[in-house]
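> Got protein_25.pdb for you, PDB, C-alpha atoms, pLDDT in the B column:
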ATOM      1  CA  MET A   1     -12.323 -22.595   9.398  1.00 69.00           C
ATOM      2  CA  GLN A   2     -15.460 -23.640  11.254  1.00 70.00           C
ATOM      3  CA  LYS A   3     -16.958 -24.727   7.939  1.00 73.00           C
ATOM      4  CA  LEU A   4     -13.999 -27.037   7.275  1.00 75.00           C
ATOM      5  CA  VAL A   5     -13.120 -28.590  10.641  1.00 77.00           C
ATOM      6  CA  LYS A   6     -15.696 -29.891  13.105  1.00 76.00           C
ATOM      7  CA  ASP A   7     -13.446 -30.720  16.090  1.00 76.00           C
ATOM      8  CA  VAL A   8     -12.804 -27.561  18.151  1.00 81.00           C
ATOM      9  CA  GLU A   9      -9.425 -28.651  19.560  1.00 80.00           C
ATOM     10  CA  PHE A  10      -8.104 -29.676  16.144  1.00 80.00           C
ATOM     11  CA  ARG A  11      -9.374 -26.421  14.644  1.00 83.00           C
ATOM     12  CA  GLN A  12      -7.502 -24.409  17.294  1.00 85.00           C
ATOM     13  CA  ARG A  13      -4.285 -26.353  16.742  1.00 83.00           C
ATOM     14  CA  LEU A  14      -4.619 -25.976  12.980  1.00 83.00           C
ATOM     15  CA  GLY A  15      -5.198 -22.235  13.431  1.00 85.00           C
ATOM     16  CA  GLY A  16      -1.991 -22.031  15.467  1.00 85.00           C
ATOM     17  CA  VAL A  17      -0.029 -23.775  12.714  1.00 83.00           C
ATOM     18  CA  ILE A  18      -1.500 -21.362  10.161  1.00 83.00           C
ATOM     19  CA  VAL A  19      -0.394 -18.368  12.250  1.00 84.00           C
ATOM     20  CA  VAL A  20       3.133 -19.774  12.670  1.00 82.00           C
ATOM     21  CA  ALA A  21       3.357 -20.563   8.949  1.00 76.00           C
ATOM     22  CA  SER A  22       2.198 -17.057   8.042  1.00 75.00           C
ATOM     23  CA  ASN A  23       4.735 -15.457  10.347  1.00 74.00           C
ATOM     24  CA  ALA A  24       7.532 -17.721   9.149  1.00 72.00           C
ATOM     25  CA  GLY A  25       6.693 -16.948   5.539  1.00 66.00           C
ATOM     26  CA  GLY A  26       6.437 -13.209   6.060  1.00 66.00           C
ATOM     27  CA  ALA A  27       9.631 -12.886   8.088  1.00 65.00           C
ATOM     28  CA  TRP A  28      12.032 -13.403   5.193  1.00 63.00           C
ATOM     29  CA  THR A  29      10.444 -11.080   2.649  1.00 63.00           C
ATOM     30  CA  PRO A  30      11.309  -7.393   2.182  1.00 60.00           C
ATOM     31  CA  ILE A  31       7.634  -6.586   2.766  1.00 61.00           C
ATOM     32  CA  GLY A  32       7.260  -8.878   5.799  1.00 59.00           C
ATOM     33  CA  ASP A  33       6.187  -6.094   8.110  1.00 67.00           C
ATOM     34  CA  ILE A  34       6.098  -2.320   8.167  1.00 70.00           C
ATOM     35  CA  THR A  35       9.502  -1.956   9.868  1.00 71.00           C
ATOM     36  CA  THR A  36      11.226  -4.118   7.256  1.00 71.00           C
ATOM     37  CA  THR A  37       9.402  -2.223   4.517  1.00 73.00           C
ATOM     38  CA  MET A  38      10.634   1.106   5.867  1.00 75.00           C
ATOM     39  CA  LEU A  39      14.203  -0.237   6.157  1.00 76.00           C
ATOM     40  CA  TYR A  40      13.916  -1.551   2.592  1.00 73.00           C
ATOM     41  CA  ILE A  41      12.642   1.784   1.252  1.00 76.00           C
ATOM     42  CA  GLY A  42      15.362   3.648   3.186  1.00 78.00           C
ATOM     43  CA  GLY A  43      18.076   1.457   1.693  1.00 79.00           C
ATOM     44  CA  GLN A  44      19.247  -0.049   5.001  1.00 81.00           C
ATOM     45  CA  VAL A  45      18.420  -3.583   3.815  1.00 75.00           C
ATOM     46  CA  THR A  46      18.381  -5.095   0.344  1.00 77.00           C
ATOM     47  CA  THR A  47      16.375  -8.007  -0.987  1.00 71.00           C
ATOM     48  CA  VAL A  48      18.978 -10.679  -1.708  1.00 79.00           C
ATOM     49  CA  PRO A  49      20.902 -10.510   1.606  1.00 81.00           C
ATOM     50  CA  LEU A  50      17.618 -10.306   3.540  1.00 75.00           C
ATOM     51  CA  LEU A  51      16.251 -13.383   1.777  1.00 76.00           C
ATOM     52  CA  GLY A  52      19.542 -15.240   2.155  1.00 81.00           C
ATOM     53  CA  ASN A  53      19.856 -14.545   5.869  1.00 81.00           C
ATOM     54  CA  LEU A  54      16.265 -15.218   6.915  1.00 78.00           C
ATOM     55  CA  ILE A  55      14.867 -17.976   4.692  1.00 80.00           C
ATOM     56  CA  PHE A  56      16.602 -20.814   6.550  1.00 85.00           C
ATOM     57  CA  PRO A  57      15.407 -19.753  10.039  1.00 82.00           C
ATOM     58  CA  SER A  58      11.903 -19.194   8.638  1.00 80.00           C
ATOM     59  CA  VAL A  59      11.800 -22.680   7.123  1.00 83.00           C
ATOM     60  CA  LEU A  60      13.079 -24.155  10.399  1.00 86.00           C
ATOM     61  CA  CYS A  61      10.319 -22.321  12.276  1.00 83.00           C
ATOM     62  CA  LEU A  62       7.693 -23.734   9.926  1.00 82.00           C
ATOM     63  CA  ILE A  63       9.110 -27.270  10.025  1.00 88.00           C
ATOM     64  CA  GLY A  64       9.327 -27.156  13.816  1.00 87.00           C
ATOM     65  CA  ALA A  65       5.709 -26.069  14.283  1.00 84.00           C
ATOM     66  CA  VAL A  66       4.288 -28.485  11.717  1.00 84.00           C
ATOM     67  CA  GLY A  67       6.505 -31.325  12.999  1.00 88.00           C
ATOM     68  CA  TYR A  68       5.419 -30.736  16.592  1.00 86.00           C
ATOM     69  CA  GLU A  69       1.746 -30.832  15.640  1.00 83.00           C
ATOM     70  CA  TYR A  70       2.320 -33.881  13.432  1.00 85.00           C
ATOM     71  CA  LEU A  71       3.820 -35.782  16.368  1.00 87.00           C
ATOM     72  CA  ARG A  72       0.908 -34.768  18.622  1.00 82.00           C
ATOM     73  CA  MET A  73      -1.749 -35.865  16.136  1.00 77.00           C
ATOM     74  CA  ASP A  74      -3.599 -39.125  16.603  1.00 75.00           C
ATOM     75  CA  GLY A  75      -3.494 -40.974  13.299  1.00 74.00           C
ATOM     76  CA  GLU A  76      -6.472 -43.137  14.216  1.00 77.00           C
ATOM     77  CA  THR A  77      -9.057 -40.370  14.601  1.00 71.00           C
ATOM     78  CA  PRO A  78     -10.992 -39.771  11.370  1.00 73.00           C
ATOM     79  CA  PHE A  79     -11.212 -36.248  10.019  1.00 68.00           C
ATOM     80  CA  GLU A  80     -14.807 -34.990  10.095  1.00 70.00           C
ATOM     81  CA  ARG A  81     -16.237 -32.014   8.293  1.00 70.00           C
ATOM     82  CA  PRO A  82     -19.383 -30.326   9.540  1.00 69.00           C
ATOM     83  CA  ALA A  83     -22.499 -31.290   7.659  1.00 69.00           C
ATOM     84  CA  SER A  84     -23.582 -28.541   5.309  1.00 65.00           C
ATOM     85  CA  THR A  85     -27.191 -27.765   4.636  1.00 62.00           C
ATOM     86  CA  GLU A  86     -28.712 -26.321   1.508  1.00 59.00           C
ATOM     87  CA  ALA A  87     -30.356 -23.550   3.536  1.00 58.00           C
ATOM     88  CA  GLU A  88     -27.026 -22.093   4.737  1.00 60.00           C
ATOM     89  CA  ASP A  89     -26.555 -18.469   3.854  1.00 63.00           C
ATOM     90  CA  ASP A  90     -23.071 -18.194   2.324  1.00 69.00           C
ATOM     91  CA  ARG A  91     -23.224 -14.465   1.722  1.00 73.00           C
ATOM     92  CA  PRO A  92     -20.139 -12.610   2.940  1.00 72.00           C
ATOM     93  CA  PRO A  93     -20.713 -10.213   5.821  1.00 73.00           C
ATOM     94  CA  GLU A  94     -21.786  -6.717   4.845  1.00 79.00           C
ATOM     95  CA  GLY A  95     -18.854  -4.355   4.454  1.00 85.00           C
ATOM     96  CA  GLN A  96     -16.270  -7.137   4.120  1.00 88.00           C
ATOM     97  CA  ALA A  97     -14.842  -5.707   0.896  1.00 89.00           C
ATOM     98  CA  LEU A  98     -14.710  -2.194   2.363  1.00 91.00           C
ATOM     99  CA  VAL A  99     -12.732  -3.361   5.399  1.00 91.00           C
ATOM    100  CA  PHE A 100     -10.398  -5.532   3.284  1.00 91.00           C
ATOM    101  CA  TRP A 101      -9.591  -2.861   0.718  1.00 93.00           C
ATOM    102  CA  GLY A 102      -9.446  -0.127   3.340  1.00 92.00           C
ATOM    103  CA  GLY A 103      -6.902  -2.110   5.343  1.00 90.00           C
ATOM    104  CA  LEU A 104      -4.844  -3.024   2.285  1.00 91.00           C
ATOM    105  CA  ILE A 105      -4.761   0.508   0.912  1.00 92.00           C
ATOM    106  CA  GLY A 106      -4.064   1.852   4.388  1.00 90.00           C
ATOM    107  CA  MET A 107      -1.036  -0.432   4.831  1.00 87.00           C
ATOM    108  CA  ILE A 108       0.279   0.416   1.379  1.00 88.00           C
ATOM    109  CA  THR A 109       0.036   4.154   2.062  1.00 89.00           C
ATOM    110  CA  VAL A 110       1.893   4.012   5.405  1.00 86.00           C
ATOM    111  CA  PRO A 111       5.265   4.782   3.735  1.00 85.00           C
ATOM    112  CA  VAL A 112       3.678   7.819   2.058  1.00 88.00           C
ATOM    113  CA  PHE A 113       2.211   8.932   5.391  1.00 88.00           C
ATOM    114  CA  THR A 114       5.633   8.533   7.002  1.00 87.00           C
ATOM    115  CA  ALA A 115       7.391  10.487   4.268  1.00 88.00           C
ATOM    116  CA  VAL A 116       4.879  13.347   4.344  1.00 91.00           C
ATOM    117  CA  THR A 117       4.430  13.705   8.099  1.00 91.00           C
ATOM    118  CA  GLN A 118       7.897  12.568   9.263  1.00 89.00           C
ATOM    119  CA  CYS A 119       6.138  10.435  11.881  1.00 88.00           C
ATOM    120  CA  PRO A 120       7.348   6.906  12.674  1.00 86.00           C
ATOM    121  CA  PRO A 121       5.781   4.046  10.669  1.00 83.00           C
ATOM    122  CA  TRP A 122       3.979   2.615  13.690  1.00 83.00           C
ATOM    123  CA  SER A 123       1.946   5.815  14.002  1.00 88.00           C
ATOM    124  CA  GLY A 124       0.706   5.372  10.437  1.00 88.00           C
ATOM    125  CA  MET A 125      -0.297   1.786  11.200  1.00 88.00           C
ATOM    126  CA  MET A 126      -2.097   2.907  14.362  1.00 90.00           C
ATOM    127  CA  LEU A 127      -3.981   5.494  12.298  1.00 92.00           C
ATOM    128  CA  VAL A 128      -5.031   2.801   9.809  1.00 92.00           C
ATOM    129  CA  LEU A 129      -6.124   0.468  12.625  1.00 92.00           C
ATOM    130  CA  GLY A 130      -8.086   3.280  14.247  1.00 94.00           C
ATOM    131  CA  LEU A 131      -9.846   4.098  10.988  1.00 94.00           C
ATOM    132  CA  LEU A 132     -10.671   0.433  10.432  1.00 93.00           C
ATOM    133  CA  GLY A 133     -12.063   0.274  13.968  1.00 91.00           C
ATOM    134  CA  VAL A 134     -14.333   3.236  13.265  1.00 92.00           C
ATOM    135  CA  ILE A 135     -15.452   1.739   9.936  1.00 91.00           C
ATOM    136  CA  THR A 136     -16.310  -1.637  11.490  1.00 89.00           C
ATOM    137  CA  SER A 137     -18.104   0.050  14.389  1.00 89.00           C
ATOM    138  CA  LEU A 138     -20.227   2.036  11.946  1.00 88.00           C
ATOM    139  CA  LEU A 139     -20.926  -1.040   9.831  1.00 86.00           C
ATOM    140  CA  HIS A 140     -22.092  -3.096  12.807  1.00 81.00           C
ATOM    141  CA  GLU A 141     -23.743  -0.315  14.826  1.00 76.00           C
ATOM    142  CA  PRO A 142     -27.352  -1.217  13.943  1.00 67.00           C
ATOM    143  CA  ASP A 143     -26.781  -4.839  15.059  1.00 62.00           C
ATOM    144  CA  ASP A 144     -25.118  -4.007  18.381  1.00 61.00           C
TER
END
As a first step, turn the structure in this file into structure tokens.


Amino acid sequence: MQKLVKDVEFRQRLGGVIVVASNAGGAWTPIGDITTTMLYIGGQVTTVPLLGNLIFPSVLCLIGAVGYEYLRMDGETPFERPASTEAEDDRPPEGQALVFWGGLIGMITVPVFTAVTQCPPWSGMMLVLGLLGVITSLLHEPDD
């Protein structure tokens, strides 16, 4: 977001709204988090009642956060983007794809891990986070 928004305070507030919007959007889906996913796979919750019961509170959460920030904003201050230079290196960081796909595949395989090992879902997520920590440490070891 640093490439899009120059003002630090506005960037932090916008980041907070993005986090709230992400959480509000993920709360009402059957795959919102690992606990809901495990309940969904186990048959304790179903899609339609889950969506029906949680979409309204999620929308209220989003409207509340965005409305609060809208009221706090100063409409007179112009929006400024940082100046970009031609010499900027826009290459993604090394290992970005490995960490992304490793995390995604790790989260998807947590239900399989839980079914095979009979461990709780959080232990599978902790294993994935630990593996991602090792991978990122190895990727950035020469620079540190």

> Would you mind listing what lies within 10 Å of stretch 69-77 of chain A as a ChimeraX atom specification, with only C-alpha atoms counted and same-chain residues fewer than 6 positions away left out?

/A:10,13-14,16-17,63

> Take the PyMOL selection byres ((chain A and resi 110) around 10), run it mentally on this structure, and tell me the resulting residues as a CSV table (one decimal) with C-alpha atoms, in the frame of the given file.


chain,number,residue,atom,x,y,z
A,34,ILE,CA,6.1,-2.3,8.2
A,37,THR,CA,9.4,-2.2,4.5
A,38,MET,CA,10.6,1.1,5.9
A,105,ILE,CA,-4.8,0.5,0.9
A,106,GLY,CA,-4.1,1.9,4.4
A,107,MET,CA,-1.0,-0.4,4.8
A,108,ILE,CA,0.3,0.4,1.4
A,109,THR,CA,0.0,4.2,2.1
A,111,PRO,CA,5.3,4.8,3.7
A,112,VAL,CA,3.7,7.8,2.1
A,113,PHE,CA,2.2,8.9,5.4
A,114,THR,CA,5.6,8.5,7.0
A,115,ALA,CA,7.4,10.5,4.3
A,116,VAL,CA,4.9,13.3,4.3
A,120,PRO,CA,7.3,6.9,12.7
A,121,PRO,CA,5.8,4.0,10.7
A,122,TRP,CA,4.0,2.6,13.7
A,123,SER,CA,1.9,5.8,14.0
A,124,GLY,CA,0.7,5.4,10.4
A,125,MET,CA,-0.3,1.8,11.2
A,126,MET,CA,-2.1,2.9,14.4
A,127,LEU,CA,-4.0,5.5,12.3
A,128,VAL,CA,-5.0,2.8,9.8

> Select, from A:Cys119, A:Val134, A:Leu51, A:Leu4, the residue with the minimum atom-to-atom distance to A:Thr36, counting all atoms listed in the file.

A:Leu51

> Around (-11.8, -1.3, 8.4) in the file's frame, which residues reach within 7 Å when counting only C-alpha atoms? Return as number ranges by chain?

A: 98-100, 102-103, 131-133, 135-136

> Would you compute the distance between atom CA of A:Gly64 and atom CA of A:Val20? Give it in Å to one decimal.

9.7 Å

> Could you work out how far atom CA of A:Leu104 lies from atom CA of A:Ser22, giving the answer in Å with one decimal?

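Going from atom CA of A:Ser22 over to atom CA of A:Leu104 covers 16.7 Å.
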
> Atom CA of A:Thr35 to atom CA of A:Leu62: how many Å, to one decimal?

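The value is 21.9 Å.
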
> Starting from the incomplete input, reconstruct N, CA, C and O atoms of stretch 118-144 of chain A and report them as a PDB file, in the frame of the given file.


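The new file result_16.pdb reads:
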ATOM      1  N   GLN A 118       6.668  12.823   8.503  1.00 89.00           N
ATOM      2  CA  GLN A 118       7.897  12.568   9.263  1.00 89.00           C
ATOM      3  C   GLN A 118       7.614  11.880  10.601  1.00 89.00           C
ATOM      4  O   GLN A 118       8.403  11.971  11.530  1.00 89.00           O
ATOM      5  N   CYS A 119       6.479  11.211  10.696  1.00 88.00           N
ATOM      6  CA  CYS A 119       6.138  10.435  11.881  1.00 88.00           C
ATOM      7  C   CYS A 119       6.681   9.015  11.714  1.00 88.00           C
ATOM      8  O   CYS A 119       6.908   8.566  10.597  1.00 88.00           O
ATOM      9  N   PRO A 120       6.870   8.283  12.807  1.00 86.00           N
ATOM     10  CA  PRO A 120       7.348   6.906  12.674  1.00 86.00           C
ATOM     11  C   PRO A 120       6.294   6.016  12.013  1.00 86.00           C
ATOM     12  O   PRO A 120       5.091   6.303  12.090  1.00 86.00           O
ATOM     13  N   PRO A 121       6.728   4.924  11.371  1.00 83.00           N
ATOM     14  CA  PRO A 121       5.781   4.046  10.669  1.00 83.00           C
ATOM     15  C   PRO A 121       4.688   3.474  11.560  1.00 83.00           C
ATOM     16  O   PRO A 121       3.558   3.298  11.115  1.00 83.00           O
ATOM     17  N   TRP A 122       5.007   3.202  12.830  1.00 83.00           N
ATOM     18  CA  TRP A 122       3.979   2.615  13.690  1.00 83.00           C
ATOM     19  C   TRP A 122       2.805   3.569  13.885  1.00 83.00           C
ATOM     20  O   TRP A 122       1.672   3.128  14.075  1.00 83.00           O
ATOM     21  N   SER A 123       3.054   4.879  13.836  1.00 88.00           N
ATOM     22  CA  SER A 123       1.946   5.815  14.002  1.00 88.00           C
ATOM     23  C   SER A 123       1.000   5.761  12.798  1.00 88.00           C
ATOM     24  O   SER A 123      -0.215   5.905  12.957  1.00 88.00           O
ATOM     25  N   GLY A 124       1.554   5.552  11.617  1.00 88.00           N
ATOM     26  CA  GLY A 124       0.706   5.372  10.437  1.00 88.00           C
ATOM     27  C   GLY A 124      -0.137   4.122  10.530  1.00 88.00           C
ATOM     28  O   GLY A 124      -1.325   4.116  10.183  1.00 88.00           O
ATOM     29  N   MET A 125       0.460   3.030  11.040  1.00 88.00           N
ATOM     30  CA  MET A 125      -0.297   1.786  11.200  1.00 88.00           C
ATOM     31  C   MET A 125      -1.388   1.940  12.260  1.00 88.00           C
ATOM     32  O   MET A 125      -2.487   1.420  12.108  1.00 88.00           O
ATOM     33  N   MET A 126      -1.089   2.675  13.329  1.00 90.00           N
ATOM     34  CA  MET A 126      -2.097   2.907  14.362  1.00 90.00           C
ATOM     35  C   MET A 126      -3.257   3.742  13.809  1.00 90.00           C
ATOM     36  O   MET A 126      -4.413   3.518  14.149  1.00 90.00           O
ATOM     37  N   LEU A 127      -2.932   4.705  12.937  1.00 92.00           N
ATOM     38  CA  LEU A 127      -3.981   5.494  12.298  1.00 92.00           C
ATOM     39  C   LEU A 127      -4.873   4.605  11.434  1.00 92.00           C
ATOM     40  O   LEU A 127      -6.101   4.695  11.489  1.00 92.00           O
ATOM     41  N   VAL A 128      -4.260   3.720  10.654  1.00 92.00           N
ATOM     42  CA  VAL A 128      -5.031   2.801   9.809  1.00 92.00           C
ATOM     43  C   VAL A 128      -5.904   1.892  10.676  1.00 92.00           C
ATOM     44  O   VAL A 128      -7.089   1.691  10.383  1.00 92.00           O
ATOM     45  N   LEU A 129      -5.337   1.330  11.744  1.00 92.00           N
ATOM     46  CA  LEU A 129      -6.124   0.468  12.625  1.00 92.00           C
ATOM     47  C   LEU A 129      -7.277   1.228  13.277  1.00 92.00           C
ATOM     48  O   LEU A 129      -8.384   0.699  13.426  1.00 92.00           O
ATOM     49  N   GLY A 130      -7.023   2.466  13.670  1.00 94.00           N
ATOM     50  CA  GLY A 130      -8.086   3.280  14.247  1.00 94.00           C
ATOM     51  C   GLY A 130      -9.203   3.545  13.252  1.00 94.00           C
ATOM     52  O   GLY A 130     -10.389   3.456  13.600  1.00 94.00           O
ATOM     53  N   LEU A 131      -8.835   3.866  12.019  1.00 94.00           N
ATOM     54  CA  LEU A 131      -9.846   4.098  10.988  1.00 94.00           C
ATOM     55  C   LEU A 131     -10.644   2.830  10.694  1.00 94.00           C
ATOM     56  O   LEU A 131     -11.866   2.879  10.506  1.00 94.00           O
ATOM     57  N   LEU A 132      -9.960   1.694  10.654  1.00 93.00           N
ATOM     58  CA  LEU A 132     -10.671   0.433  10.432  1.00 93.00           C
ATOM     59  C   LEU A 132     -11.605   0.125  11.604  1.00 93.00           C
ATOM     60  O   LEU A 132     -12.696  -0.414  11.401  1.00 93.00           O
ATOM     61  N   GLY A 133     -11.187   0.458  12.810  1.00 91.00           N
ATOM     62  CA  GLY A 133     -12.063   0.274  13.968  1.00 91.00           C
ATOM     63  C   GLY A 133     -13.317   1.117  13.872  1.00 91.00           C
ATOM     64  O   GLY A 133     -14.422   0.654  14.186  1.00 91.00           O
ATOM     65  N   VAL A 134     -13.170   2.360  13.433  1.00 92.00           N
ATOM     66  CA  VAL A 134     -14.333   3.236  13.265  1.00 92.00           C
ATOM     67  C   VAL A 134     -15.249   2.697  12.168  1.00 92.00           C
ATOM     68  O   VAL A 134     -16.474   2.656  12.330  1.00 92.00           O
ATOM     69  N   ILE A 135     -14.652   2.267  11.055  1.00 91.00           N
ATOM     70  CA  ILE A 135     -15.452   1.739   9.936  1.00 91.00           C
ATOM     71  C   ILE A 135     -16.242   0.513  10.381  1.00 91.00           C
ATOM     72  O   ILE A 135     -17.454   0.408  10.123  1.00 91.00           O
ATOM     73  N   THR A 136     -15.584  -0.435  11.063  1.00 89.00           N
ATOM     74  CA  THR A 136     -16.310  -1.637  11.490  1.00 89.00           C
ATOM     75  C   THR A 136     -17.365  -1.318  12.546  1.00 89.00           C
ATOM     76  O   THR A 136     -18.418  -1.938  12.563  1.00 89.00           O
ATOM     77  N   SER A 137     -17.091  -0.347  13.403  1.00 89.00           N
ATOM     78  CA  SER A 137     -18.104   0.050  14.389  1.00 89.00           C
ATOM     79  C   SER A 137     -19.327   0.643  13.699  1.00 89.00           C
ATOM     80  O   SER A 137     -20.464   0.365  14.083  1.00 89.00           O
ATOM     81  N   LEU A 138     -19.105   1.455  12.676  1.00 88.00           N
ATOM     82  CA  LEU A 138     -20.227   2.036  11.946  1.00 88.00           C
ATOM     83  C   LEU A 138     -20.985   0.988  11.153  1.00 88.00           C
ATOM     84  O   LEU A 138     -22.220   1.070  11.024  1.00 88.00           O
ATOM     85  N   LEU A 139     -20.268   0.016  10.602  1.00 86.00           N
ATOM     86  CA  LEU A 139     -20.926  -1.040   9.831  1.00 86.00           C
ATOM     87  C   LEU A 139     -21.810  -1.924  10.711  1.00 86.00           C
ATOM     88  O   LEU A 139     -22.865  -2.367  10.292  1.00 86.00           O
ATOM     89  N   HIS A 140     -21.363  -2.176  11.937  1.00 81.00           N
ATOM     90  CA  HIS A 140     -22.092  -3.096  12.807  1.00 81.00           C
ATOM     91  C   HIS A 140     -22.929  -2.398  13.859  1.00 81.00           C
ATOM     92  O   HIS A 140     -23.543  -3.056  14.693  1.00 81.00           O
ATOM     93  N   GLU A 141     -23.009  -1.075  13.818  1.00 76.00           N
ATOM     94  CA  GLU A 141     -23.743  -0.315  14.826  1.00 76.00           C
ATOM     95  C   GLU A 141     -25.215  -0.707  14.915  1.00 76.00           C
ATOM     96  O   GLU A 141     -25.734  -0.882  16.019  1.00 76.00           O
ATOM     97  N   PRO A 142     -25.932  -0.872  13.807  1.00 67.00           N
ATOM     98  CA  PRO A 142     -27.352  -1.217  13.943  1.00 67.00           C
ATOM     99  C   PRO A 142     -27.587  -2.584  14.615  1.00 67.00           C
ATOM    100  O   PRO A 142     -28.596  -2.794  15.247  1.00 67.00           O
ATOM    101  N   ASP A 143     -26.614  -3.498  14.481  1.00 62.00           N
ATOM    102  CA  ASP A 143     -26.781  -4.839  15.059  1.00 62.00           C
ATOM    103  C   ASP A 143     -26.405  -4.889  16.530  1.00 62.00           C
ATOM    104  O   ASP A 143     -26.792  -5.798  17.236  1.00 62.00           O
ATOM    105  N   ASP A 144     -25.616  -3.944  16.990  1.00 61.00           N
ATOM    106  CA  ASP A 144     -25.118  -4.007  18.381  1.00 61.00           C
ATOM    107  C   ASP A 144     -26.040  -3.295  19.343  1.00 61.00           C
ATOM    108  O   ASP A 144     -26.761  -2.436  19.090  1.00 61.00           O
TER     109      ASP A 144
END
